[in-house]
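structure-v4.txt follows (compact mmCIF, C-alpha atoms):
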# COMPACT_ATOMS: atom_id res chain seq x y z
CA MET T 1 -6.59 -16.65 -7.29
CA ALA T 2 -4.45 -14.97 -9.90
CA THR T 3 -2.12 -13.26 -7.48
CA LYS T 4 0.57 -15.82 -8.26
CA SER T 5 2.02 -16.73 -11.62
CA GLY T 6 4.59 -19.48 -11.35
CA ASN T 7 6.91 -18.47 -8.56
CA ALA T 8 6.17 -14.75 -8.91
CA THR T 9 3.61 -12.99 -6.73
CA ALA T 10 1.73 -9.79 -7.50
CA LEU T 11 1.23 -8.01 -4.19
CA THR T 12 -1.28 -5.17 -4.36
CA VAL T 13 -1.77 -3.17 -1.17
CA LEU T 14 -4.10 -0.22 -0.58
CA SER T 15 -3.58 1.23 2.89
CA PRO T 16 -6.03 3.99 3.81
CA ILE T 17 -4.33 7.14 5.03
CA LYS T 18 -5.88 9.02 7.95
CA ASN T 19 -7.83 12.12 7.02
CA GLY T 20 -6.25 15.04 8.80
CA ALA T 21 -3.13 17.13 8.76
CA ILE T 22 -0.07 18.21 10.64
CA GLY T 23 -0.03 21.98 10.35
CA GLU T 24 -0.95 22.77 6.77
CA MET T 25 0.15 19.45 5.31
CA SER T 26 -2.27 16.54 5.06
CA PHE T 27 -1.22 13.09 6.16
CA ALA T 28 -1.58 11.96 2.55
CA ASP T 29 0.78 14.66 1.31
CA ILE T 30 3.29 13.89 4.07
CA THR T 31 3.18 10.23 3.01
CA ARG T 32 3.57 11.15 -0.66
CA GLU T 33 6.55 13.37 0.11
CA ARG T 34 8.21 10.58 2.05
CA CYS T 35 7.74 8.25 -0.92
CA LEU T 36 9.09 10.84 -3.32
CA ARG T 37 12.19 11.36 -1.21
CA LEU T 38 13.15 7.70 -0.95
CA PRO T 39 16.63 7.06 -2.32
CA ILE T 40 16.61 5.32 -5.69
CA HIS T 41 18.15 2.25 -7.35
CA GLU T 42 20.68 0.40 -5.17
CA LYS T 43 20.03 2.84 -2.30
CA SER T 44 16.27 2.24 -2.34
CA PRO T 45 15.02 0.44 0.77
CA LEU T 46 13.43 -2.05 -1.63
CA ALA T 47 16.91 -3.12 -2.76
CA ARG T 48 17.30 -4.59 0.72
CA VAL T 49 14.00 -6.43 0.71
CA PRO T 50 14.87 -9.93 -0.53
CA ASN T 51 13.40 -11.14 -3.83
CA THR T 52 11.87 -7.84 -5.00
CA TYR T 53 11.89 -7.73 -8.81
CA LEU T 54 10.00 -4.48 -9.34
CA ALA T 55 7.92 -2.44 -6.89
CA ARG T 56 6.29 0.96 -6.59
CA LEU T 57 4.64 3.32 -4.16
CA PHE T 58 2.16 6.11 -4.82
CA VAL T 59 -0.78 7.84 -3.19
CA LEU T 60 -4.25 7.36 -4.68
CA ASP T 61 -5.92 10.71 -4.00
CA ASP T 62 -9.20 10.03 -5.71
CA VAL T 63 -10.79 8.28 -8.65
CA PHE T 64 -11.35 10.05 -11.95
CA TYR T 65 -14.56 11.29 -13.48
CA GLU T 66 -15.02 9.85 -16.96
CA SER T 67 -15.62 13.13 -18.72
CA LEU T 68 -14.07 12.14 -22.03
CA PRO T 69 -16.25 10.81 -24.84
CA GLY T 70 -16.08 7.06 -25.33
CA SER T 71 -17.49 4.40 -27.59
CA ASP T 72 -19.63 3.15 -24.76
CA SER T 73 -22.89 1.79 -26.13
CA VAL T 74 -25.01 2.70 -23.10
CA PHE T 75 -23.85 6.30 -23.03
CA ASN T 76 -23.94 6.76 -26.77
CA PHE T 77 -27.49 5.57 -26.76
CA SER T 78 -28.30 7.89 -23.88
CA ASP T 79 -27.27 10.86 -26.05
CA ILE T 80 -30.62 10.37 -27.74
CA THR T 81 -32.17 11.74 -24.55
CA SER T 82 -30.73 15.13 -25.46
CA PHE T 83 -33.49 15.35 -28.09
CA PHE T 84 -35.96 15.63 -25.26
CA SER T 85 -34.22 17.86 -22.70
CA ASP T 86 -30.76 18.87 -21.54
CA ALA T 87 -31.61 17.71 -18.01
CA ALA T 88 -32.29 14.22 -19.36
CA ARG T 89 -28.97 14.24 -21.16
CA LYS T 90 -27.11 15.31 -18.02
CA ALA T 91 -28.87 12.62 -15.97
CA ALA T 92 -27.48 10.03 -18.36
CA LEU T 93 -23.87 11.15 -17.92
CA PRO T 94 -21.44 8.97 -15.92
CA LYS T 95 -21.88 9.31 -12.19
CA LYS T 96 -19.41 11.18 -10.06
CA ASP T 97 -17.44 9.20 -7.46
CA HIS T 98 -15.13 10.46 -4.75
CA LEU T 99 -13.07 8.42 -2.33
CA GLN T 100 -13.60 9.07 1.39
CA SER T 101 -9.96 8.23 2.17
CA ARG T 102 -6.76 8.59 0.28
CA TYR T 103 -4.76 5.38 -0.08
CA LEU T 104 -1.09 4.54 0.02
CA VAL T 105 -0.66 2.07 -2.82
CA PHE T 106 2.17 -0.44 -2.68
CA SER T 107 2.58 -2.83 -5.55
CA SER T 108 5.34 -5.38 -5.73
CA ASN T 109 6.34 -8.21 -8.03
CA PHE T 110 8.45 -10.62 -6.05
CA TYR T 111 9.70 -14.19 -5.92
CA GLY T 112 8.49 -16.63 -3.33
CA ASP T 113 6.13 -16.78 -0.40
CA LEU T 114 4.09 -13.78 0.79
CA ASP T 115 4.72 -14.17 4.52
CA ASP T 116 8.47 -14.48 3.98
CA TYR T 117 8.41 -11.45 1.73
CA LEU T 118 6.48 -9.31 4.21
CA ALA T 119 8.80 -10.41 7.02
CA GLY T 120 11.69 -9.29 4.78
CA MET T 121 10.00 -5.91 4.33
CA TRP T 122 9.59 -5.45 8.06
CA GLU T 123 13.12 -6.57 8.91
CA LYS T 124 15.23 -5.30 6.03
CA TRP T 125 13.54 -2.10 4.79
CA ALA T 126 15.96 0.63 5.83
CA TYR T 127 17.54 3.71 4.37
CA ASP T 128 19.46 6.73 5.36
CA ALA T 129 17.64 10.07 5.15
CA HIS T 130 20.22 12.77 5.77
CA GLY T 131 21.75 10.95 8.69
CA ASN T 132 18.47 9.55 10.04
CA GLN T 133 17.89 5.82 9.74
CA ARG T 134 14.34 5.14 8.56
CA ASP T 135 12.51 1.83 8.72
CA ILE T 136 9.26 0.68 7.12
CA ARG T 137 7.14 2.43 9.75
CA TYR T 138 8.15 5.83 8.41
CA ILE T 139 6.25 5.29 5.14
CA TRP T 140 3.12 3.70 6.66
CA GLU T 141 3.11 5.91 9.78
CA HIS T 142 -0.01 7.91 8.91
CA CYS T 143 -2.09 5.04 7.61
CA VAL T 144 -5.28 4.09 9.45
CA ALA T 145 -4.66 1.71 12.37
CA PHE T 146 -0.95 1.42 11.63
CA ASP T 147 -0.25 2.65 15.17
CA GLN T 148 -1.38 -0.82 16.30
CA VAL T 149 1.49 -2.45 14.37
CA ASN T 150 4.27 -3.26 16.81
CA ASP T 151 6.08 -6.25 15.43
CA CYS T 152 6.64 -8.35 12.35
CA ASN T 153 3.50 -10.47 12.83
CA ASP T 154 1.37 -7.34 13.28
CA PHE T 155 2.86 -5.96 10.06
CA ILE T 156 2.12 -9.14 8.10
CA GLY T 157 -1.45 -9.13 9.42
CA TYR T 158 -1.87 -5.43 8.63
CA ILE T 159 -0.67 -5.70 5.05
CA LYS T 160 -2.88 -8.73 4.45
CA LYS T 161 -5.89 -6.68 5.56
CA CYS T 162 -4.93 -4.09 2.94
CA GLN T 163 -4.18 -6.63 0.24
CA LEU T 164 -6.26 -7.01 -2.92
CA ASP T 165 -6.21 -10.10 -5.10
CA ALA T 166 -5.24 -9.72 -8.72
CA SER T 167 -7.80 -10.88 -11.27
CA LEU T 168 -5.04 -11.47 -13.78
CA PHE T 169 -1.28 -11.46 -13.29
CA PHE T 170 0.93 -11.64 -16.34
CA ASN T 171 4.49 -12.80 -15.77
CA GLY T 172 6.48 -11.80 -18.83
CA SER T 173 9.84 -12.53 -17.23
CA THR T 174 11.68 -15.72 -16.36
CA ASP T 175 10.36 -17.55 -13.37
CA ASP T 176 13.71 -17.64 -11.60
CA SER T 177 14.64 -16.21 -8.23
CA LEU T 178 16.04 -12.70 -8.17
CA GLN T 179 19.44 -14.06 -7.19
CA GLU T 180 19.40 -16.32 -10.24
CA GLN T 181 18.32 -13.48 -12.53
CA LEU T 182 21.01 -11.12 -11.23
CA LYS T 183 23.67 -13.78 -11.66
CA ALA T 184 22.52 -14.41 -15.24
CA LEU T 185 22.59 -10.69 -16.04
CA TYR T 186 26.08 -10.42 -14.58
CA LEU T 187 27.24 -13.32 -16.76
CA LYS T 188 25.62 -11.82 -19.83
CA GLN T 189 27.43 -8.55 -19.22
CA GLU T 190 30.79 -10.12 -18.52
CA PHE T 191 30.68 -12.74 -21.26
CA THR T 192 29.70 -10.11 -23.82
CA LYS T 193 32.78 -8.10 -22.86
CA PHE T 194 34.91 -11.23 -23.02
CA VAL T 195 33.70 -12.12 -26.50
CA VAL T 196 34.27 -8.61 -27.85
CA ALA T 197 37.77 -8.49 -26.36
CA HIS T 198 38.73 -11.86 -27.88
CA GLN T 199 37.65 -11.37 -31.45
CA GLY T 200 40.30 -12.65 -33.86
CA LYS T 201 42.59 -14.09 -31.19
CA SER T 202 44.21 -17.51 -31.42
CA ALA T 203 42.47 -20.68 -30.20
CA GLU T 204 45.12 -21.19 -27.51
CA GLU T 205 44.73 -17.66 -26.15
CA ILE T 206 40.92 -17.73 -26.13
CA GLN T 207 40.90 -21.10 -24.37
CA GLN T 208 43.41 -20.01 -21.77
CA ASP T 209 41.62 -16.73 -21.08
CA PHE T 210 38.27 -18.50 -21.03
CA LYS T 211 39.45 -20.68 -18.15
CA THR T 212 40.60 -17.59 -16.25
CA PHE T 213 37.28 -15.94 -17.07
CA ILE T 214 35.28 -18.89 -15.71
CA ASP T 215 37.38 -18.89 -12.52
CA ARG T 216 36.58 -15.21 -12.09
CA VAL T 217 32.83 -15.17 -12.82
CA GLN T 218 31.98 -18.57 -11.27
CA PRO T 219 28.81 -19.20 -13.32
CA GLU T 220 27.32 -21.79 -10.99
CA ASN T 221 28.17 -20.10 -7.72
CA MET T 222 25.13 -18.07 -6.68
CA ASP T 223 27.06 -16.52 -3.81
CA GLY T 224 29.95 -15.60 -6.09
CA PRO T 225 30.32 -12.43 -8.18
CA SER T 226 27.01 -11.01 -9.38
CA TRP T 227 25.02 -7.82 -9.82
CA LEU T 228 23.65 -6.19 -6.70
CA PRO T 229 19.89 -5.64 -6.41
CA GLY T 230 19.10 -2.23 -7.93
CA GLN T 231 22.59 -1.85 -9.40
CA SER T 232 22.43 1.16 -11.71
CA MET T 233 25.99 1.36 -13.04
CA PRO T 234 28.11 -1.36 -14.73
CA MET J 1 7.00 11.71 -9.79
CA SER J 2 9.21 8.87 -10.80
CA ASN J 3 7.53 6.61 -13.32
CA ILE J 4 10.90 5.41 -14.50
CA ALA J 5 13.50 3.17 -12.88
CA GLY J 6 16.32 2.73 -15.36
CA LYS J 7 14.87 0.94 -18.37
CA ALA J 8 11.52 0.17 -16.72
CA TYR J 9 8.39 2.34 -16.77
CA ALA J 10 5.64 1.99 -14.13
CA MET J 11 2.12 2.55 -15.39
CA ASN J 12 -0.84 2.85 -13.01
CA VAL J 13 -4.33 3.19 -14.46
CA ILE J 14 -7.59 3.18 -12.50
CA THR J 15 -10.88 3.03 -14.37
CA PRO J 16 -14.52 2.70 -13.27
CA ILE J 17 -16.60 -0.30 -14.23
CA ARG J 18 -20.34 -0.69 -13.63
CA TRP J 19 -20.76 -2.96 -10.61
CA TYR J 20 -23.14 -5.27 -12.42
CA LYS J 21 -20.57 -5.88 -15.15
CA VAL J 22 -17.75 -6.88 -12.83
CA TRP J 23 -18.59 -10.56 -13.15
CA ILE J 24 -18.17 -10.42 -16.92
CA ASN J 25 -14.72 -8.91 -16.58
CA ARG J 26 -13.80 -11.45 -13.92
CA LEU J 27 -14.98 -14.27 -16.15
CA ILE J 28 -12.85 -13.02 -19.04
CA PHE J 29 -9.80 -12.81 -16.78
CA LYS J 30 -10.52 -16.30 -15.49
CA ILE J 31 -10.72 -17.69 -19.01
CA ALA J 32 -7.46 -15.92 -19.87
CA LEU J 33 -5.90 -17.41 -16.78
CA ASN J 34 -7.00 -20.96 -17.44
CA LYS J 35 -6.28 -20.86 -21.14
CA PRO J 36 -2.76 -19.45 -21.43
CA SER J 37 -3.00 -19.37 -25.23
CA THR J 38 -5.27 -16.34 -24.83
CA LEU J 39 -2.25 -14.47 -23.43
CA LYS J 40 -0.13 -15.20 -26.49
CA GLY J 41 -0.52 -11.61 -27.62
CA LEU J 42 0.86 -10.34 -24.33
CA ILE J 43 3.81 -12.72 -24.59
CA THR J 44 4.49 -11.26 -28.03
CA LEU J 45 4.96 -7.92 -26.28
CA SER J 46 8.27 -9.02 -24.85
CA LEU J 47 8.93 -5.55 -23.46
CA ILE J 48 6.69 -6.34 -20.45
CA HIS J 49 8.27 -7.56 -17.21
CA TYR J 50 5.02 -7.95 -15.27
CA ALA J 51 1.46 -6.66 -15.55
CA ARG J 52 -1.65 -7.10 -13.45
CA TRP J 53 -5.33 -6.28 -13.36
CA VAL J 54 -7.08 -5.90 -10.01
CA ILE J 55 -10.83 -5.37 -9.72
CA ILE J 56 -12.06 -3.64 -6.57
CA PRO J 57 -15.81 -4.06 -6.06
CA ARG J 58 -17.70 -0.96 -4.80
CA ASN J 59 -17.60 -2.10 -1.18
CA ALA J 60 -14.17 -3.74 -1.17
CA PHE J 61 -11.75 -0.88 -0.63
CA PRO J 62 -9.81 -1.85 2.51
CA HIS J 63 -11.61 -0.65 5.65
CA LEU J 64 -9.48 -1.06 8.75
CA ASP J 65 -11.04 0.85 11.59
CA PRO J 66 -14.41 2.35 12.62
CA SER J 67 -12.72 5.76 12.55
CA GLN J 68 -12.19 5.38 8.78
CA PRO J 69 -15.16 6.64 6.72
CA LYS J 70 -16.71 3.97 4.53
CA GLU J 71 -16.52 4.34 0.78
CA ASN J 72 -19.78 5.11 -0.96
CA LEU J 73 -19.13 4.48 -4.64
CA ASN J 74 -21.31 4.16 -7.70
CA TYR J 75 -18.80 2.06 -9.59
CA ALA J 76 -16.37 -0.76 -9.03
CA TYR J 77 -12.80 0.07 -10.10
CA MET J 78 -10.23 -1.72 -12.16
CA LEU J 79 -6.55 -1.15 -11.44
CA PHE J 80 -3.98 -1.87 -14.09
CA PHE J 81 -0.30 -1.88 -13.14
CA SER J 82 2.38 -2.58 -15.70
CA ASN J 83 6.19 -2.72 -15.73
CA PHE J 84 7.59 -2.34 -19.21
CA ASN J 85 10.59 -1.07 -21.19
CA GLY J 86 10.54 1.89 -23.50
CA SER J 87 8.51 5.07 -23.62
CA TRP J 88 4.86 5.59 -22.75
CA ASP J 89 3.93 6.06 -26.41
CA GLN J 90 5.79 2.96 -27.55
CA TYR J 91 4.02 0.88 -24.95
CA VAL J 92 0.50 2.16 -25.47
CA ASP J 93 0.88 2.01 -29.24
CA SER J 94 2.31 -1.49 -29.17
CA PHE J 95 -0.82 -2.65 -27.34
CA THR J 96 -2.99 -1.03 -29.95
CA PHE J 97 -1.09 -2.48 -32.88
CA ALA J 98 -0.34 -5.93 -31.46
CA ILE J 99 -3.43 -6.94 -29.47
CA PRO J 100 -6.25 -4.44 -30.07
CA SER J 101 -9.04 -6.98 -29.65
CA GLY J 102 -7.52 -8.50 -26.50
CA LEU J 103 -7.14 -5.05 -25.04
CA ASP J 104 -10.73 -4.18 -25.83
CA LEU J 105 -11.89 -7.44 -24.29
CA PHE J 106 -10.24 -6.55 -20.96
CA TRP J 107 -11.44 -2.92 -20.88
CA LYS J 108 -14.64 -2.75 -22.88
CA TRP J 109 -16.83 -3.11 -19.78
CA ASN J 110 -15.28 0.03 -18.29
CA VAL J 111 -17.22 3.28 -18.32
CA ARG J 112 -16.59 5.26 -21.49
CA TYR J 113 -13.73 3.12 -22.70
CA PRO J 114 -13.13 4.42 -26.24
CA LYS J 115 -11.61 1.18 -27.65
CA SER J 116 -7.97 0.92 -28.62
CA VAL J 117 -8.43 1.98 -32.24
CA PRO J 118 -8.12 4.81 -33.24
CA LEU J 119 -5.12 5.80 -31.19
CA THR J 120 -5.82 9.35 -30.06
CA PRO J 121 -8.96 8.70 -27.98
CA PHE J 122 -7.23 5.67 -26.47
CA HIS J 123 -4.18 7.76 -25.57
CA ASN J 124 -6.48 10.34 -23.99
CA TYR J 125 -8.31 7.66 -22.01
CA ILE J 126 -5.09 6.23 -20.55
CA ARG J 127 -3.66 9.68 -19.81
CA HIS J 128 -6.90 10.77 -18.15
CA ASN J 129 -6.93 7.75 -15.83
CA GLN J 130 -3.22 7.35 -15.16
CA ILE J 131 -1.61 8.08 -11.78
CA ASP J 132 2.06 8.93 -11.46
CA THR J 133 4.29 6.78 -9.29
CA SER J 134 6.09 8.38 -6.34
CA HIS J 135 8.78 5.77 -5.90
CA TYR J 136 9.66 3.10 -8.42
CA TYR J 137 12.25 0.40 -7.90
CA SER J 138 13.69 -2.12 -10.31
CA ALA J 139 16.16 -4.75 -9.16
CA TYR J 140 17.96 -4.39 -12.51
CA PRO J 141 17.56 -0.84 -13.82
CA MET J 142 20.13 -1.44 -16.58
CA ALA J 143 18.29 -4.45 -17.97
CA ALA J 144 15.27 -4.69 -20.21
CA SER J 145 12.87 -7.62 -19.90
CA ASN J 146 14.50 -9.16 -22.98
CA ASP J 147 17.90 -8.88 -21.26
CA VAL J 148 16.60 -10.91 -18.32
CA LYS J 149 15.27 -13.58 -20.67
CA SER J 150 18.37 -13.70 -22.87
CA ALA J 151 20.64 -13.76 -19.81
CA LYS J 152 18.93 -16.94 -18.61
CA LYS J 153 19.59 -18.60 -21.96
CA LEU J 154 23.18 -17.34 -22.05
CA LYS J 155 23.93 -18.52 -18.52
CA GLN J 156 22.85 -22.09 -19.19
CA ALA J 157 24.67 -22.20 -22.55
CA LEU J 158 27.83 -20.90 -20.91
CA ILE J 159 27.69 -23.53 -18.15
CA ASP J 160 27.06 -26.31 -20.66
CA PHE J 161 29.84 -25.12 -22.95
CA ASN J 162 32.29 -24.89 -20.09
CA ALA J 163 31.51 -28.45 -18.99
CA ALA J 164 31.67 -29.91 -22.50
CA SER J 165 34.42 -28.00 -24.27
CA SER J 166 36.83 -26.19 -21.99
CA ASN J 167 39.25 -29.13 -21.84
CA LYS J 168 39.25 -30.04 -25.50
CA THR J 169 42.21 -29.34 -27.76
CA PRO J 170 42.50 -25.64 -28.68
CA ASP J 171 41.25 -26.22 -32.24
CA GLU J 172 38.25 -28.25 -31.10
CA PHE J 173 37.60 -25.68 -28.40
CA LEU J 174 37.54 -22.92 -30.99
CA VAL J 175 35.05 -24.78 -33.17
CA ASP J 176 32.72 -25.20 -30.18
CA TYR J 177 33.32 -21.62 -29.05
CA ASN J 178 32.35 -20.25 -32.45
CA ARG J 179 29.30 -22.49 -32.45
CA LEU J 180 28.37 -21.11 -29.02
CA LEU J 181 28.70 -17.51 -30.22
CA ASN J 182 26.60 -18.32 -33.25
CA HIS J 183 23.93 -19.87 -31.02
CA LEU J 184 23.93 -16.88 -28.67
CA GLN J 185 24.23 -14.10 -31.22
CA HIS J 186 20.79 -12.69 -30.35
CA ASP J 187 21.50 -12.81 -26.64
CA PHE J 188 24.70 -10.82 -26.30
CA GLY J 189 24.71 -7.15 -25.44
CA GLU J 190 26.41 -4.94 -22.91
CA MET J 191 23.95 -3.23 -20.59
CA ARG J 192 24.38 0.35 -19.53
CA PRO J 193 22.30 3.06 -17.84
CA THR J 194 19.46 4.21 -20.03
CA PRO J 195 19.73 7.54 -21.86
CA ILE J 196 17.52 10.36 -20.61
CA VAL J 197 13.99 9.59 -21.74
CA SER J 198 12.13 11.64 -19.16
CA LEU J 199 13.10 15.01 -17.71
CA ALA J 200 11.10 14.20 -14.57
CA ALA J 201 13.03 10.96 -14.04
CA GLN J 202 16.28 12.80 -14.71
CA ALA J 203 15.33 15.44 -12.11
CA VAL J 204 14.72 12.68 -9.55
CA LYS J 205 18.12 11.18 -10.35
CA GLU J 206 19.91 14.53 -10.11
CA ARG J 207 18.23 15.36 -6.81
CA PHE J 208 19.25 11.97 -5.49
CA LEU J 209 22.88 12.35 -6.62
CA LYS J 210 22.98 15.86 -5.13
CA SER J 211 21.67 14.61 -1.79
CA GLN J 212 24.26 11.83 -1.81
CA ALA J 213 27.06 14.28 -2.55
CA SER J 214 26.03 16.76 0.14
CA HIS J 215 25.68 14.07 2.77
Once more with this new file: its structure as structure tokens, please.
Amino acid sequence: MATKSGNATALTVLSPIKNGAIGEMSFADITRERCLRLPIHEKSPLARVPNTYLARLFVLDDVFYESLPGSDSVFNFSDITSFFSDAARKAALPKKDHLQSRYLVFSSNFYGDLDDYLAGMWEKWAYDAHGNQRDIRYIWEHCVAFDQVNDCNDFIGYIKKCQLDASLFFNGSTDDSLQEQLKALYLKQEFTKFVVAHQGKSAEEIQQDFKTFIDRVQPENMDGPSWLPGQSMP
Amino acid sequence: MSNIAGKAYAMNVITPIRWYKVWINRLIFKIALNKPSTLKGLITLSLIHYARWVIIPRNAFPHLDPSQPKENLNYAYMLFFSNFNGSWDQYVDSFTFAIPSGLDLFWKWNVRYPKSVPLTPFHNYIRHNQIDTSHYYSAYPMAASNDVKSAKKLKQALIDFNAASSNKTPDEFLVDYNRLLNHLQHDFGEMRPTPIVSLAAQAVKERFLKSQASH
């Protein structure tokens, strides 16, 4: 299974959304609007879900018809059929597919174990929507059979039923935990500023300030100063 | 839509593949997986945080309840999700210029894939099959993938330097300090919010800031 690469996991979830509507708005569009209105960056509910590197949500409405020309040997060859009749040519065109359900797609790249991660989603996912506190159920509410999800174990089981394995997962990042990565980024930012501010200063001054700097940034203390998940401003 | 989270761009592409060719694609991915040298080209593209390919056979879309209609598809589908830095054009073009044959190997079994060279049909193919993201989150919107990698190197060098040199005489300290800066010269850089690269992403940001201010 290629869903893991080192310590990183590629979670791919397709949750079917119920066909139907509330008033004039389909369940799929309600779900999409809820995704669109999620707060961003450090306010995103995903910032609270431990170990999330990068994640996304969107609604898959349908698949696409391959109407564009391609360098596809079978179809190029089939163009020869147009010598005989237009009907033969049309019969050789790509087939048309339509999905019977629309799907809420959740894709996450995270550090660690899947069950722990999903438990974190169930327990920590929260955000404020104009004074209303929303949990994870608000996004998945209109998905098929989600009304049977009542607790964390149900949620883990539900997502696993919707999960698809990756055929290939490419990890182009470091294989460290998010906490480790955020600490390193914080140090990079702070040490860069330190170096710029100390250009041309005396050895004594740089050494003295360096000690103060180390006391402040605490490079080896993971619980010390760091960037926050989703932090969008220095 | 919100394909952008700070410096990261989320690409989603779904393309049909003839069901009887799925095994070939799977085999190629398996070889790539077991022989990491085949992914050297991807590693060269250091702007990628993470990327994945997922093949959904015709009858494998999640079906959770008898009330849900079953899919009745002619083709299997391949999903491609990527997280990268830079603009759409930079990314798609870098694939074409850096690993055209690798790219073709992964996609050539897909219906009407035009190949990665020349560029315009390839651009059209990706655009035609791309789906916008509704919510995109990055844990470090100010950082590019190269920042994450260079920060790891910098952190370790800083810890080592502190242990080895902080208590030396000032002159010796300075020699080591300058050596450290020389060693890390490619890894420094102050990170800041990205400039506006997408009006749609900017609109999402402004709407968010407005909602925060009014609340």
CA of Trp125 in chain T to CA of Pro62 in chain J, distance in Å rounded to a single decimal | 23.5 Å
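The smallest atom-to-atom distance between chain J and any of T:Ala21, T:Cys152, T:Ala92, T:Ala10, using only C-alpha atoms, is found for T:Ala10.
Counting only C-alpha atoms, the residue from T:Gly6, T:Pro69, T:Gly20, T:Gly200 that sits nearest to chain J is T:Pro69.
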Expressed in Å to a single decimal, how great is the separation between CA of Pro69 in chain J and CA of Pro57 in chain J?
-> 16.7 Å
Taking all atoms listed in the file into account, which residues of chain T are within 7 Å of chain J, as an MDAnalysis selection string?
-> chainID T and resid 14:15 32 35:36 38:41 46:47 52:58 64 66 69:72 95 97 99:100 130 144:145 161:162 165:174 181 184:185 187:189 192 203:204 207 219 229:234
What does the distance between CA of Lys183 in chain T and CA of Asp116 in chain T come to in Å, to one decimal place?
->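 Here the two named atoms are 21.8 Å from each other.
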Residues within 10 Å of Val217 in chain T, all atoms listed in the file, excluding chain neighbours under 5 positions, as a count of residues only = 9
Residue nearest Val195 in chain T - candidates J:Ala98, J:Gln185, J:Ala201, J:His123, atoms counted: only C-alpha atoms |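 Selected residue with least distance to Val195 in chain T: J:Gln185.
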